[in-house]
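Just structure-v3.cif here, mmCIF, C-alpha atoms (C1' of nucleotides):
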```cif
data_entry
#
loop_
_atom_site.label_atom_id
_atom_site.label_comp_id
_atom_site.auth_asym_id
_atom_site.auth_seq_id
_atom_site.Cartn_x
_atom_site.Cartn_y
_atom_site.Cartn_z
CA MET A 1 0.00 0.00 0.00
CA ILE A 2 1.55 3.22 -1.13
CA GLY A 3 -0.98 5.56 0.43
CA LYS A 4 -4.71 5.88 0.29
CA ALA A 5 -4.49 9.47 -0.78
CA ALA A 6 -4.21 8.38 -4.41
CA ASN A 7 -7.49 6.48 -4.22
CA THR A 8 -9.28 9.37 -2.59
CA ARG A 9 -7.87 11.75 -5.13
CA GLU A 10 -9.05 9.54 -7.95
CA ALA A 11 -12.55 9.34 -6.49
CA ILE A 12 -12.63 13.10 -6.11
CA LEU A 13 -11.54 13.62 -9.70
CA GLN A 14 -14.10 11.23 -11.16
CA ARG A 15 -16.83 13.13 -9.40
CA ALA A 16 -15.24 16.42 -10.38
CA VAL A 17 -15.35 15.47 -14.06
CA ASP A 18 -19.02 14.59 -13.76
CA LEU A 19 -19.83 17.77 -11.93
CA ALA A 20 -17.81 19.97 -14.27
CA SER A 21 -19.51 18.52 -17.32
CA ARG A 22 -22.78 19.76 -15.88
CA GLU A 23 -21.89 22.96 -14.07
CA GLY A 24 -18.70 23.92 -15.84
CA LEU A 25 -15.16 24.04 -14.54
CA GLU A 26 -15.82 27.31 -12.75
CA GLY A 27 -19.20 26.25 -11.42
CA LEU A 28 -17.37 23.25 -10.03
CA THR A 29 -17.19 24.34 -6.45
CA ILE A 30 -15.03 22.86 -3.73
CA GLY A 31 -17.79 22.99 -1.16
CA ARG A 32 -20.27 21.33 -3.47
CA LEU A 33 -17.79 18.67 -4.48
CA ALA A 34 -16.91 17.98 -0.85
CA SER A 35 -20.49 17.61 0.29
CA ASP A 36 -21.24 15.37 -2.68
CA LEU A 37 -18.45 13.10 -1.51
CA LYS A 38 -19.29 13.52 2.16
CA MET A 39 -15.90 15.02 2.84
CA SER A 40 -14.87 18.20 4.52
CA LYS A 41 -13.98 21.12 2.30
CA SER A 42 -10.54 21.36 3.83
CA GLY A 43 -9.84 17.65 3.59
CA LEU A 44 -10.65 17.69 -0.10
CA PHE A 45 -8.82 20.93 -0.69
CA ALA A 46 -5.62 19.53 0.79
CA HIS A 47 -5.34 17.15 -2.15
CA PHE A 48 -4.88 19.99 -4.60
CA GLY A 49 -3.73 23.16 -2.91
CA SER A 50 -5.70 25.53 -5.10
CA LYS A 51 -8.83 25.59 -7.15
CA GLN A 52 -6.82 26.02 -10.31
CA ASP A 53 -4.88 22.86 -9.57
CA LEU A 54 -8.16 21.06 -9.02
CA GLN A 55 -9.38 22.32 -12.38
CA LEU A 56 -6.19 21.21 -14.08
CA ALA A 57 -6.40 17.77 -12.50
CA THR A 58 -10.05 17.58 -13.56
CA VAL A 59 -9.15 18.36 -17.17
CA GLU A 60 -6.49 15.69 -17.02
CA ALA A 61 -8.95 13.15 -15.61
CA ALA A 62 -11.48 14.00 -18.30
CA ALA A 63 -8.81 13.50 -20.95
CA LYS A 64 -8.01 10.10 -19.50
CA ARG A 65 -11.66 9.12 -19.48
CA PHE A 66 -12.04 10.24 -23.09
CA LEU A 67 -8.89 8.40 -24.07
CA GLU A 68 -10.04 5.15 -22.54
CA ALA A 69 -13.58 5.34 -23.88
CA VAL A 70 -12.96 6.67 -27.37
CA ILE A 71 -9.36 6.60 -28.49
CA MET A 72 -8.00 3.35 -27.09
CA PRO A 73 -10.84 1.02 -28.05
CA ALA A 74 -10.56 2.30 -31.62
CA GLN A 75 -6.91 1.33 -31.92
CA SER A 76 -7.89 -2.15 -33.03
CA ALA A 77 -9.37 -0.73 -36.23
CA PRO A 78 -6.87 -0.27 -39.06
CA GLU A 79 -5.66 3.26 -39.58
CA GLY A 80 -7.44 5.45 -42.05
CA ALA A 81 -11.13 5.44 -42.83
CA ALA A 82 -11.90 2.48 -40.58
CA ARG A 83 -10.34 4.10 -37.58
CA LEU A 84 -12.07 7.38 -38.33
CA ARG A 85 -15.36 5.52 -38.36
CA ALA A 86 -14.45 3.88 -35.05
CA TYR A 87 -13.55 7.23 -33.52
CA CYS A 88 -16.74 8.91 -34.62
CA GLU A 89 -18.96 6.03 -33.70
CA ARG A 90 -17.44 5.76 -30.26
CA TYR A 91 -17.53 9.48 -29.74
CA LEU A 92 -21.21 9.71 -30.60
CA ASN A 93 -22.03 6.61 -28.58
CA CYS A 94 -20.29 8.15 -25.60
CA LEU A 95 -22.33 11.31 -25.96
CA GLN A 96 -25.49 9.24 -26.12
CA GLY A 97 -24.43 6.86 -23.38
CA GLY A 98 -23.48 9.54 -20.93
CA LEU A 99 -19.72 9.20 -20.65
CA PHE A 100 -19.97 12.72 -19.30
CA PRO A 101 -23.32 13.09 -17.56
CA GLY A 102 -23.62 16.77 -18.42
CA GLY A 103 -22.81 16.52 -22.10
CA CYS A 104 -19.42 16.69 -23.75
CA PHE A 105 -16.91 17.91 -21.20
CA TRP A 106 -14.76 19.45 -23.92
CA ALA A 107 -17.51 21.40 -25.54
CA ALA A 108 -18.39 22.91 -22.17
CA ALA A 109 -14.80 23.56 -21.13
CA ALA A 110 -13.92 25.06 -24.50
CA ALA A 111 -16.80 27.51 -24.39
CA GLU A 112 -16.06 28.44 -20.82
CA PHE A 113 -12.33 28.96 -21.03
CA ASP A 114 -11.77 30.13 -24.58
CA ASP A 115 -11.53 33.67 -23.28
CA ARG A 116 -9.77 33.09 -19.98
CA PRO A 117 -6.03 32.96 -20.50
CA GLY A 118 -4.16 30.73 -18.12
CA PRO A 119 -3.04 27.17 -17.53
CA VAL A 120 -6.55 25.75 -17.58
CA ARG A 121 -7.28 27.19 -21.00
CA ASP A 122 -3.94 25.88 -22.21
CA ALA A 123 -4.76 22.39 -20.98
CA VAL A 124 -8.19 22.38 -22.62
CA LYS A 125 -6.73 23.73 -25.81
CA ALA A 126 -4.03 21.06 -25.86
CA ALA A 127 -6.56 18.29 -25.39
CA VAL A 128 -8.84 19.56 -28.14
CA ALA A 129 -5.90 20.16 -30.45
CA ALA A 130 -4.73 16.60 -29.88
CA TRP A 131 -8.14 15.25 -30.82
CA LEU A 132 -8.24 17.40 -33.95
CA GLY A 133 -4.68 16.41 -34.81
CA GLU A 134 -5.46 12.72 -34.53
CA LEU A 135 -8.52 13.14 -36.73
CA GLU A 136 -6.43 14.95 -39.30
CA ARG A 137 -3.71 12.30 -39.22
CA GLN A 138 -6.18 9.50 -39.82
CA ALA A 139 -7.87 11.49 -42.55
CA ALA A 140 -4.54 11.83 -44.28
CA VAL A 141 -3.95 8.10 -44.07
CA ALA A 142 -7.43 7.51 -45.41
CA GLY A 143 -6.47 9.48 -48.48
CA LEU A 144 -8.85 12.39 -48.06
CA ASP A 145 -7.73 15.33 -50.13
CA ALA A 146 -8.04 17.95 -47.38
CA PRO A 147 -7.44 16.23 -44.04
CA ALA A 148 -7.48 19.43 -42.00
CA ASP A 149 -10.80 20.44 -43.50
CA PHE A 150 -12.17 17.01 -42.74
CA ALA A 151 -10.97 17.11 -39.15
CA PHE A 152 -12.57 20.51 -38.71
CA GLU A 153 -15.87 19.24 -39.99
CA ILE A 154 -15.86 16.16 -37.81
CA TYR A 155 -15.08 18.28 -34.80
CA ALA A 156 -17.80 20.77 -35.68
CA ILE A 157 -20.35 18.04 -36.22
CA GLY A 158 -19.52 16.65 -32.79
CA LEU A 159 -20.14 20.05 -31.24
CA GLY A 160 -23.38 20.29 -33.16
CA ALA A 161 -24.63 16.89 -32.07
CA ASN A 162 -23.80 17.68 -28.48
CA ALA A 163 -25.60 21.02 -28.58
CA CYS A 164 -28.54 19.49 -30.42
CA SER A 165 -29.14 16.80 -27.84
CA ARG A 166 -28.31 18.85 -24.77
CA LEU A 167 -29.85 22.23 -25.49
CA LEU A 168 -32.53 21.41 -28.04
CA ASP A 169 -33.44 17.99 -26.64
CA ASP A 170 -33.22 16.68 -30.16
CA ARG A 171 -31.65 13.23 -30.08
CA GLY A 172 -31.99 13.18 -33.84
CA GLY A 173 -28.84 15.24 -33.99
CA PHE A 174 -26.86 12.05 -33.43
CA GLU A 175 -28.28 10.43 -36.53
CA ARG A 176 -27.71 13.59 -38.52
CA ALA A 177 -24.13 13.61 -37.31
CA ARG A 178 -23.61 9.99 -38.30
CA ALA A 179 -25.07 10.66 -41.71
CA ALA A 180 -22.99 13.79 -42.22
CA ILE A 181 -19.80 11.95 -41.32
CA GLU A 182 -20.61 8.94 -43.47
CA ARG A 183 -21.36 11.25 -46.38
CA ARG A 184 -17.77 12.49 -46.22
CA LEU A 185 -16.16 9.13 -45.65
CA ALA A 186 -18.08 7.36 -48.38
CA SER A 187 -16.09 9.22 -51.02
CA VAL A 188 -12.87 7.42 -50.10
CA SER A 189 -14.14 4.23 -48.54
CA PRO A 190 -17.38 2.30 -48.95
CA PRO A 191 -19.57 2.13 -45.86
CA ALA A 192 -19.13 -0.88 -43.62
CA PRO A 193 -21.21 -3.85 -44.72
CA ALA A 194 -24.35 -4.51 -42.75
CA PRO A 195 -23.93 -7.30 -40.20
CA ALA A 196 -25.07 -10.72 -41.41
CA MET B 1 -39.82 61.81 -22.56
CA ILE B 2 -41.21 59.01 -20.52
CA GLY B 3 -38.20 58.37 -18.35
CA LYS B 4 -34.50 57.95 -18.71
CA ALA B 5 -34.54 54.52 -17.16
CA ALA B 6 -34.98 52.95 -20.57
CA ASN B 7 -31.73 54.47 -21.79
CA THR B 8 -29.82 53.36 -18.72
CA ARG B 9 -31.30 49.92 -19.00
CA GLU B 10 -30.24 49.69 -22.61
CA ALA B 11 -26.69 50.74 -21.75
CA ILE B 12 -26.56 48.18 -18.99
CA LEU B 13 -27.77 45.44 -21.30
CA GLN B 14 -25.28 46.23 -24.04
CA ARG B 15 -22.48 45.94 -21.56
CA ALA B 16 -24.07 42.84 -20.09
CA VAL B 17 -24.10 41.13 -23.47
CA ASP B 18 -20.43 41.95 -23.96
CA LEU B 19 -19.52 40.73 -20.52
CA ALA B 20 -21.60 37.57 -20.77
CA SER B 21 -20.03 36.63 -24.09
CA ARG B 22 -16.70 36.61 -22.30
CA GLU B 23 -17.47 35.41 -18.78
CA GLY B 24 -20.71 33.55 -19.37
CA LEU B 25 -24.19 34.38 -18.17
CA GLU B 26 -23.42 33.08 -14.71
CA GLY B 27 -20.02 34.72 -14.51
CA LEU B 28 -21.84 37.91 -15.39
CA THR B 29 -21.91 39.47 -11.95
CA ILE B 30 -24.00 42.39 -10.81
CA GLY B 31 -21.15 43.97 -8.89
CA ARG B 32 -18.76 43.66 -11.79
CA LEU B 33 -21.30 45.02 -14.23
CA ALA B 34 -22.07 47.95 -11.94
CA SER B 35 -18.46 48.94 -11.42
CA ASP B 36 -17.82 48.66 -15.16
CA LEU B 37 -20.62 51.16 -15.72
CA LYS B 38 -19.66 53.28 -12.69
CA MET B 39 -22.98 52.63 -11.08
CA SER B 40 -23.93 51.33 -7.68
CA LYS B 41 -24.87 47.70 -7.40
CA SER B 42 -28.27 48.55 -6.01
CA GLY B 43 -28.96 51.22 -8.61
CA LEU B 44 -28.29 48.76 -11.36
CA PHE B 45 -30.09 45.96 -9.60
CA ALA B 46 -33.27 48.03 -9.34
CA HIS B 47 -33.66 47.88 -13.10
CA PHE B 48 -34.18 44.14 -13.04
CA GLY B 49 -35.23 42.90 -9.64
CA SER B 50 -33.33 39.65 -9.80
CA LYS B 51 -30.27 38.18 -11.39
CA GLN B 52 -32.38 35.81 -13.41
CA ASP B 53 -34.32 38.69 -14.89
CA LEU B 54 -31.04 40.35 -15.77
CA GLN B 55 -29.92 37.18 -17.50
CA LEU B 56 -33.18 36.92 -19.40
CA ALA B 57 -32.95 40.55 -20.48
CA THR B 58 -29.35 39.95 -21.53
CA VAL B 59 -30.36 36.99 -23.68
CA GLU B 60 -33.04 39.14 -25.24
CA ALA B 61 -30.56 41.93 -25.94
CA ALA B 62 -28.14 39.49 -27.50
CA ALA B 63 -30.91 38.16 -29.71
CA LYS B 64 -31.69 41.70 -30.82
CA ARG B 65 -28.07 42.39 -31.61
CA PHE B 66 -27.82 39.18 -33.59
CA LEU B 67 -31.03 39.96 -35.41
CA GLU B 68 -29.86 43.41 -36.44
CA ALA B 69 -26.38 42.32 -37.46
CA VAL B 70 -27.12 39.03 -39.19
CA ILE B 71 -30.77 38.41 -39.93
CA MET B 72 -32.12 41.80 -40.95
CA PRO B 73 -29.36 42.87 -43.34
CA ALA B 74 -29.78 39.56 -45.16
CA GLN B 75 -33.46 40.15 -45.86
CA SER B 76 -32.57 42.04 -49.03
CA ALA B 77 -31.22 38.84 -50.56
CA PRO B 78 -33.82 36.67 -52.30
CA GLU B 79 -35.02 33.69 -50.31
CA GLY B 80 -33.27 30.38 -50.78
CA ALA B 81 -29.63 29.81 -51.53
CA ALA B 82 -28.82 33.51 -51.83
CA ARG B 83 -30.22 34.29 -48.44
CA LEU B 84 -28.48 31.30 -46.92
CA ARG B 85 -25.22 32.63 -48.31
CA ALA B 86 -26.02 36.04 -46.86
CA TYR B 87 -26.79 34.55 -43.46
CA CYS B 88 -23.63 32.51 -43.32
CA GLU B 89 -21.41 35.24 -44.63
CA ARG B 90 -22.79 37.75 -42.14
CA TYR B 91 -22.62 35.28 -39.30
CA LEU B 92 -18.98 34.49 -39.96
CA ASN B 93 -18.12 38.13 -40.50
CA CYS B 94 -19.71 38.97 -37.18
CA LEU B 95 -17.65 36.34 -35.43
CA GLN B 96 -14.53 37.73 -37.06
CA GLY B 97 -15.50 41.34 -36.52
CA GLY B 98 -16.33 40.95 -32.86
CA LEU B 99 -20.08 41.45 -32.73
CA PHE B 100 -19.71 39.67 -29.40
CA PRO B 101 -16.30 40.51 -27.97
CA GLY B 102 -15.97 37.14 -26.24
CA GLY B 103 -16.95 34.94 -29.15
CA CYS B 104 -20.39 33.78 -30.14
CA PHE B 105 -22.77 34.56 -27.31
CA TRP B 106 -25.01 31.65 -28.26
CA ALA B 107 -22.29 29.06 -28.30
CA ALA B 108 -21.26 30.13 -24.81
CA ALA B 109 -24.79 30.39 -23.46
CA ALA B 110 -25.79 27.05 -24.96
CA ALA B 111 -22.88 25.23 -23.38
CA GLU B 112 -23.46 26.91 -20.05
CA PHE B 113 -27.20 26.43 -19.73
CA ASP B 114 -27.88 23.23 -21.62
CA ASP B 115 -28.02 21.41 -18.29
CA ARG B 116 -29.65 24.06 -16.13
CA PRO B 117 -33.40 23.88 -16.44
CA GLY B 118 -35.21 27.15 -16.06
CA PRO B 119 -36.37 30.22 -17.92
CA VAL B 120 -32.87 31.20 -19.03
CA ARG B 121 -32.25 27.87 -20.67
CA ASP B 122 -35.65 28.09 -22.32
CA ALA B 123 -34.84 31.53 -23.73
CA VAL B 124 -31.48 30.40 -25.10
CA LYS B 125 -33.05 27.30 -26.55
CA ALA B 126 -35.79 29.32 -28.22
CA ALA B 127 -33.28 31.69 -29.81
CA VAL B 128 -31.09 28.87 -31.13
CA ALA B 129 -34.12 26.95 -32.34
CA ALA B 130 -35.32 30.03 -34.20
CA TRP B 131 -31.96 30.37 -35.94
CA LEU B 132 -31.97 26.69 -36.88
CA GLY B 133 -35.56 26.93 -38.03
CA GLU B 134 -34.84 29.87 -40.28
CA LEU B 135 -31.86 28.06 -41.79
CA GLU B 136 -34.04 25.05 -42.45
CA ARG B 137 -36.79 27.15 -44.00
CA GLN B 138 -34.40 28.83 -46.40
CA ALA B 139 -32.78 25.51 -47.20
CA ALA B 140 -36.18 24.16 -48.15
CA VAL B 141 -36.82 27.13 -50.41
CA ALA B 142 -33.41 26.63 -51.96
CA GLY B 143 -34.47 23.14 -52.94
CA LEU B 144 -32.04 21.17 -50.82
CA ASP B 145 -33.24 17.64 -50.37
CA ALA B 146 -32.74 17.46 -46.59
CA PRO B 147 -33.23 20.97 -45.19
CA ALA B 148 -33.04 19.89 -41.56
CA ASP B 149 -29.76 18.08 -42.14
CA PHE B 150 -28.41 21.14 -43.90
CA ALA B 151 -29.47 23.45 -41.08
CA PHE B 152 -27.81 21.17 -38.57
CA GLU B 153 -24.57 21.21 -40.51
CA ILE B 154 -24.55 24.97 -40.90
CA TYR B 155 -25.16 25.36 -37.20
CA ALA B 156 -22.44 22.87 -36.35
CA ILE B 157 -19.95 24.54 -38.66
CA GLY B 158 -20.67 27.85 -36.96
CA LEU B 159 -19.93 26.30 -33.58
CA GLY B 160 -16.76 24.81 -35.00
CA ALA B 161 -15.52 28.06 -36.47
CA ASN B 162 -16.19 29.84 -33.21
CA ALA B 163 -14.32 27.23 -31.16
CA CYS B 164 -11.51 27.15 -33.68
CA SER B 165 -10.84 30.85 -33.53
CA ARG B 166 -11.52 31.33 -29.84
CA LEU B 167 -9.96 28.30 -28.22
CA LEU B 168 -7.40 27.20 -30.77
CA ASP B 169 -6.47 30.67 -32.02
CA ASP B 170 -6.87 29.36 -35.54
CA ARG B 171 -8.49 32.02 -37.69
CA GLY B 172 -8.29 29.58 -40.56
CA GLY B 173 -11.41 27.97 -39.19
CA PHE B 174 -13.41 30.77 -40.78
CA GLU B 175 -12.15 29.92 -44.24
CA ARG B 176 -12.77 26.26 -43.64
CA ALA B 177 -16.28 27.08 -42.55
CA ARG B 178 -16.90 29.17 -45.66
CA ALA B 179 -15.58 26.39 -47.85
CA ALA B 180 -17.64 23.74 -46.09
CA ILE B 181 -20.80 25.76 -46.48
CA GLU B 182 -20.14 26.59 -50.10
CA ARG B 183 -19.50 22.93 -50.81
CA ARG B 184 -23.05 22.16 -49.73
CA LEU B 185 -24.70 25.12 -51.43
CA ALA B 186 -22.91 24.60 -54.74
CA SER B 187 -24.99 21.51 -55.42
CA VAL B 188 -28.19 23.50 -55.77
CA SER B 189 -26.91 26.92 -56.75
CA PRO B 190 -23.72 28.06 -58.45
CA PRO B 191 -21.40 30.18 -56.34
CA ALA B 192 -21.81 33.92 -56.61
CA PRO B 193 -19.83 35.40 -59.50
CA ALA B 194 -16.62 37.18 -58.61
CA PRO B 195 -17.04 40.98 -58.51
CA ALA B 196 -16.05 42.71 -61.75
"C1'" DA C 1 -40.06 77.74 -7.79
"C1'" DA C 2 -42.34 74.01 -5.63
"C1'" DC C 3 -43.64 69.40 -5.63
"C1'" DA C 4 -44.40 64.32 -6.80
"C1'" DA C 5 -42.29 60.64 -8.96
"C1'" DA C 6 -38.65 58.21 -10.73
"C1'" DA C 7 -33.89 56.90 -10.57
"C1'" DT C 8 -29.82 56.11 -8.14
"C1'" DA C 9 -26.85 55.64 -4.05
"C1'" DG C 10 -25.55 53.82 0.56
"C1'" DC C 11 -25.56 50.34 3.70
"C1'" DA C 12 -26.30 45.93 5.62
"C1'" DC C 13 -27.88 41.08 5.57
"C1'" DG C 14 -27.00 36.05 5.05
"C1'" DA C 15 -24.83 32.81 2.10
"C1'" DT C 16 -21.09 30.99 -0.20
"C1'" DC C 17 -16.69 31.42 -2.36
"C1'" DG C 18 -11.45 29.90 -2.01
"C1'" DT C 19 -8.19 29.51 1.49
"C1'" DT C 20 -5.60 28.93 6.00
"C1'" DC C 21 -4.89 27.14 10.49
"C1'" DG C 22 -4.68 24.11 14.34
"C1'" DT C 23 -6.28 19.71 15.65
"C1'" DT C 24 -7.62 14.83 15.69
"C1'" DC C 25 -7.61 10.23 14.07
"C1'" DG C 26 -5.59 5.78 12.26
"C1'" DG C 27 -1.98 3.13 10.99
"C1'" DT C 28 3.25 2.02 10.82
"C1'" DA C 29 7.95 1.79 12.79
"C1'" DA C 30 10.98 1.75 16.56
"C1'" DT D 1 4.18 1.20 24.38
"C1'" DT D 2 5.73 5.17 22.35
"C1'" DA D 3 6.77 8.22 18.65
"C1'" DC D 4 5.56 9.61 14.36
"C1'" DC D 5 3.29 10.88 9.93
"C1'" DG D 6 -0.14 11.31 6.43
"C1'" DA D 7 -5.07 12.15 5.95
"C1'" DA D 8 -9.14 14.21 7.12
"C1'" DC D 9 -11.66 17.42 10.02
"C1'" DG D 10 -13.89 21.79 12.06
"C1'" DA D 11 -13.71 26.50 12.53
"C1'" DA D 12 -12.69 30.71 10.84
"C1'" DC D 13 -10.81 34.29 7.58
"C1'" DG D 14 -11.68 38.07 4.07
"C1'" DA D 15 -13.98 38.65 -0.18
"C1'" DT D 16 -17.82 38.60 -3.02
"C1'" DC D 17 -22.20 36.87 -4.27
"C1'" DG D 18 -27.49 38.25 -4.79
"C1'" DT D 19 -30.80 40.85 -2.46
"C1'" DG D 20 -33.38 43.70 0.48
"C1'" DC D 21 -34.15 48.27 2.91
"C1'" DT D 22 -33.82 53.49 3.44
"C1'" DA D 23 -31.94 57.96 1.94
"C1'" DT D 24 -30.76 61.09 -1.45
"C1'" DT D 25 -30.47 62.91 -5.81
"C1'" DT D 26 -32.37 63.77 -10.36
"C1'" DT D 27 -36.20 64.47 -13.42
"C1'" DG D 28 -40.70 65.97 -15.25
"C1'" DT D 29 -44.90 68.59 -14.28
"C1'" DT D 30 -47.30 72.37 -12.63
#
```

Can I see the file as structure tokens?
Amino acid sequence: MIGKAANTREAILQRAVDLASREGLEGLTIGRLASDLKMSKSGLFAHFGSKQDLQLATVEAAAKRFLEAVIMPAQSAPEGAARLRAYCERYLNCLQGGLFPGGCFWAAAAAEFDDRPGPVRDAVKAAVAAWLGELERQAAVAGLDAPADFAFEIYAIGLGANACSRLLDDRGGFERARAAIERRLASVSPPAPAPA
Amino acid sequence: MIGKAANTREAILQRAVDLASREGLEGLTIGRLASDLKMSKSGLFAHFGSKQDLQLATVEAAAKRFLEAVIMPAQSAPEGAARLRAYCERYLNCLQGGLFPGGCFWAAAAAEFDDRPGPVRDAVKAAVAAWLGELERQAAVAGLDAPADFAFEIYAIGLGANACSRLLDDRGGFERARAAIERRLASVSPPAPAPA
DNA sequence: AACAAAATAGCACGATCGTTCGTTCGGTAA
DNA sequence: TTACCGAACGAACGATCGTGCTATTTTGTT
């Protein structure tokens, strides 16, 4: 046993990601988080030292959750169009399945911190840029003629689907997103065959 | 003259829209707003009666600003593809030109309130739905085969361009957005001729 | 110029924010 | 058993939040 602090910290961060996806990284309050976890404010606070450090750790935990739910499971698909399909399908499934209970963490964090310079913004920006970069890389492998344009559109469609379902209560946005993505991929790779 | 309160209220709301586009509708604080305008908190507060009413009035003022900068000027273009082009061009120009100094007010408000039931969320939702509805209507007039899908994509691309420029500091997102939109419109209507 | 009404300021309240401090508890090592 | 150390706690700090009250100033009407 190397210390139970790590476990506690992990539990705090999982809850923090959930809370932040609903209330935002700023609306994520130490008192609220502590009472949710039945801890004292000060006991929780001691794990981080400042609210900004808590926010940074929360962003990191959200990135890990996204990585494990979307990126890693898709690594079994061959690079290129197939992996792009795996990424998009998993991303949309995660939105629908509630990977983040308050809607896409990154959409919320991006909107909240895009105008607040500082380490938190930098961390969010790095995570989103990595996602866009990976999309672009796979698009290049797939042979799309403008990989950066494609990555932009995929990213935008994800934002749209998230907003559609969360704000407008229109779950149909997911299907529209799937169709829009498939429309672009079909030009370089035929759609996956229907299961037997 | 029926009272100068209306003028003061208007000045407050203009500043409130600016502030909310940067800090969010919740980060929009009465004290901050008052000191920005060199007013007392209570003097400002008296115009609204509650923070929620201030937020609702701010949403309304943002809708008016958007209407006057994007919707109304485009009414001179004939309905259909031409008006869609006018909408999109004006929307993107407004993002670039700083109609809202903190990036698209609606993108920020949508992300912030999509999980907070209440009158503010309803107002934001209504405004976004109206924008989407108008896009869909014009897409139908233009003869696109799936107007709702088109409206969704336009909306998503707007969100993407906003995030791209605000979070990623990539102004190129605007050009990508223009290209993506034109790609869809070109199928039913040739691009506008280059000026002589 | 006097007066009523409207608009703004001043002040204080309870609550909550992030943060600090001193203390207590539980487990490990000597 | 005793000494110790990391983890969590409870109380409190100053600041700021939204929100009431009561003056005071400004405005429009006579």

message: Near chain B, meaning an atom within 9 Å, which residues of chain A appear when counting only C-alpha atoms? Write them as an MDAnalysis selection string.
response: chainID A and resid 22:24 26:27 102:103 107:116 121:122 124:126 128:129 148:149 152:153 155:161 163:164 166:168 173 176:177 179:180

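Using all atoms listed in the file, the nearest neighbour of chain C within the list B:Gln14, B:Ser76, B:Thr29, B:Ser40 is B:Ser40.
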
query: Can you list what the PyMOL selection byres ((chain C and resi 27) around 10) grabs from this structure, as a VMD selection string?
result: (chain C and resid 25 to 26 28) or (chain D and resid 5 to 6)

Selection file, C-alpha atoms (C1' of nucleotides), as a compact mmCIF listing (two decimals), keeping the file's coordinate frame:
```
# COMPACT_ATOMS: atom_id res chain seq x y z
C1' DC C 25 -7.61 10.23 14.07
C1' DG C 26 -5.59 5.78 12.26
C1' DT C 28 3.25 2.02 10.82
C1' DC D 5 3.29 10.88 9.93
C1' DG D 6 -0.14 11.31 6.43
```

With the cut-off set at 10 Å and counting only C-alpha atoms (C1' of nucleotides), tabulate each residue of chain C with an atom at most that distance from an atom of chain A, showing the nearest atom pair and its distance in Å to one decimal, ordered by chain and increasing number, as a Markdown table.
```
| residue | atom | partner | partner_atom | distance |
| --- | --- | --- | --- | --- |
| C:DT16 | C1' | A:Gly31 | CA | 8.7 |
| C:DC17 | C1' | A:Thr29 | CA | 8.2 |
| C:DG18 | C1' | A:Lys51 | CA | 7.2 |
| C:DT19 | C1' | A:Ser50 | CA | 8.1 |
| C:DT20 | C1' | A:Ser42 | CA | 9.3 |
```

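The residues returned by the PyMOL selection byres ((chain D and resi 10) around 12) on the shown structure are Met39, Ser40, Lys41, Ser42 and Gly43 of chain A; DC21, DG22, DT23 and DT24 of chain C; DA8, DC9, DA11 and DA12 of chain D.
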
- prompt: Taking the file as shown, what set of residues would the PyMOL selection byres ((chain D) within 10 of (chain B)) give back, as a ChimeraX atom specification?
  reply: /D:16-20,27-28

- line: What separates atom C1' of DA9 of chain C and atom CA of Ala61 of chain B is a distance of 26.1 Å

message: Between atom CA of Leu132 of chain B and atom CA of Ala86 of chain A, what is the distance in Å, rounded to a tenth?
response: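 The value is 28.8 Å.
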
field: Residues within 12 Å of DT22 of chain D, all atoms listed in the file, excluding chain neighbours under 5 positions, as a PyMOL selection string
entry: chain C and resi 9-12

message: Using Å and a single decimal, report how far atom CA of Thr58 of chain B sits from atom CA of Glu10 of chain B.
response: 9.8 Å

Please return as a PDB file with C-alpha atoms, in the coordinates of the input every residue within 10 Å of (-33.6, 27.8, -47.1), taking into account all atoms listed in the file and the file's own coordinates.
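Listing of point_14.pdb after writing:
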```pdb
ATOM      1  CA  GLU B  79     -35.020  33.690 -50.310  1.00  0.00           C
ATOM      2  CA  GLY B  80     -33.270  30.380 -50.780  1.00  0.00           C
ATOM      3  CA  ALA B  81     -29.630  29.810 -51.530  1.00  0.00           C
ATOM      4  CA  ALA B  82     -28.820  33.510 -51.830  1.00  0.00           C
ATOM      5  CA  ARG B  83     -30.220  34.290 -48.440  1.00  0.00           C
ATOM      6  CA  LEU B  84     -28.480  31.300 -46.920  1.00  0.00           C
ATOM      7  CA  ARG B  85     -25.220  32.630 -48.310  1.00  0.00           C
ATOM      8  CA  GLY B 133     -35.560  26.930 -38.030  1.00  0.00           C
ATOM      9  CA  GLU B 134     -34.840  29.870 -40.280  1.00  0.00           C
ATOM     10  CA  LEU B 135     -31.860  28.060 -41.790  1.00  0.00           C
ATOM     11  CA  GLU B 136     -34.040  25.050 -42.450  1.00  0.00           C
ATOM     12  CA  ARG B 137     -36.790  27.150 -44.000  1.00  0.00           C
ATOM     13  CA  GLN B 138     -34.400  28.830 -46.400  1.00  0.00           C
ATOM     14  CA  ALA B 139     -32.780  25.510 -47.200  1.00  0.00           C
ATOM     15  CA  ALA B 140     -36.180  24.160 -48.150  1.00  0.00           C
ATOM     16  CA  VAL B 141     -36.820  27.130 -50.410  1.00  0.00           C
ATOM     17  CA  ALA B 142     -33.410  26.630 -51.960  1.00  0.00           C
ATOM     18  CA  GLY B 143     -34.470  23.140 -52.940  1.00  0.00           C
ATOM     19  CA  LEU B 144     -32.040  21.170 -50.820  1.00  0.00           C
ATOM     20  CA  PRO B 147     -33.230  20.970 -45.190  1.00  0.00           C
ATOM     21  CA  ALA B 148     -33.040  19.890 -41.560  1.00  0.00           C
ATOM     22  CA  PHE B 150     -28.410  21.140 -43.900  1.00  0.00           C
ATOM     23  CA  ALA B 151     -29.470  23.450 -41.080  1.00  0.00           C
TER      24      ALA B 151
END
```
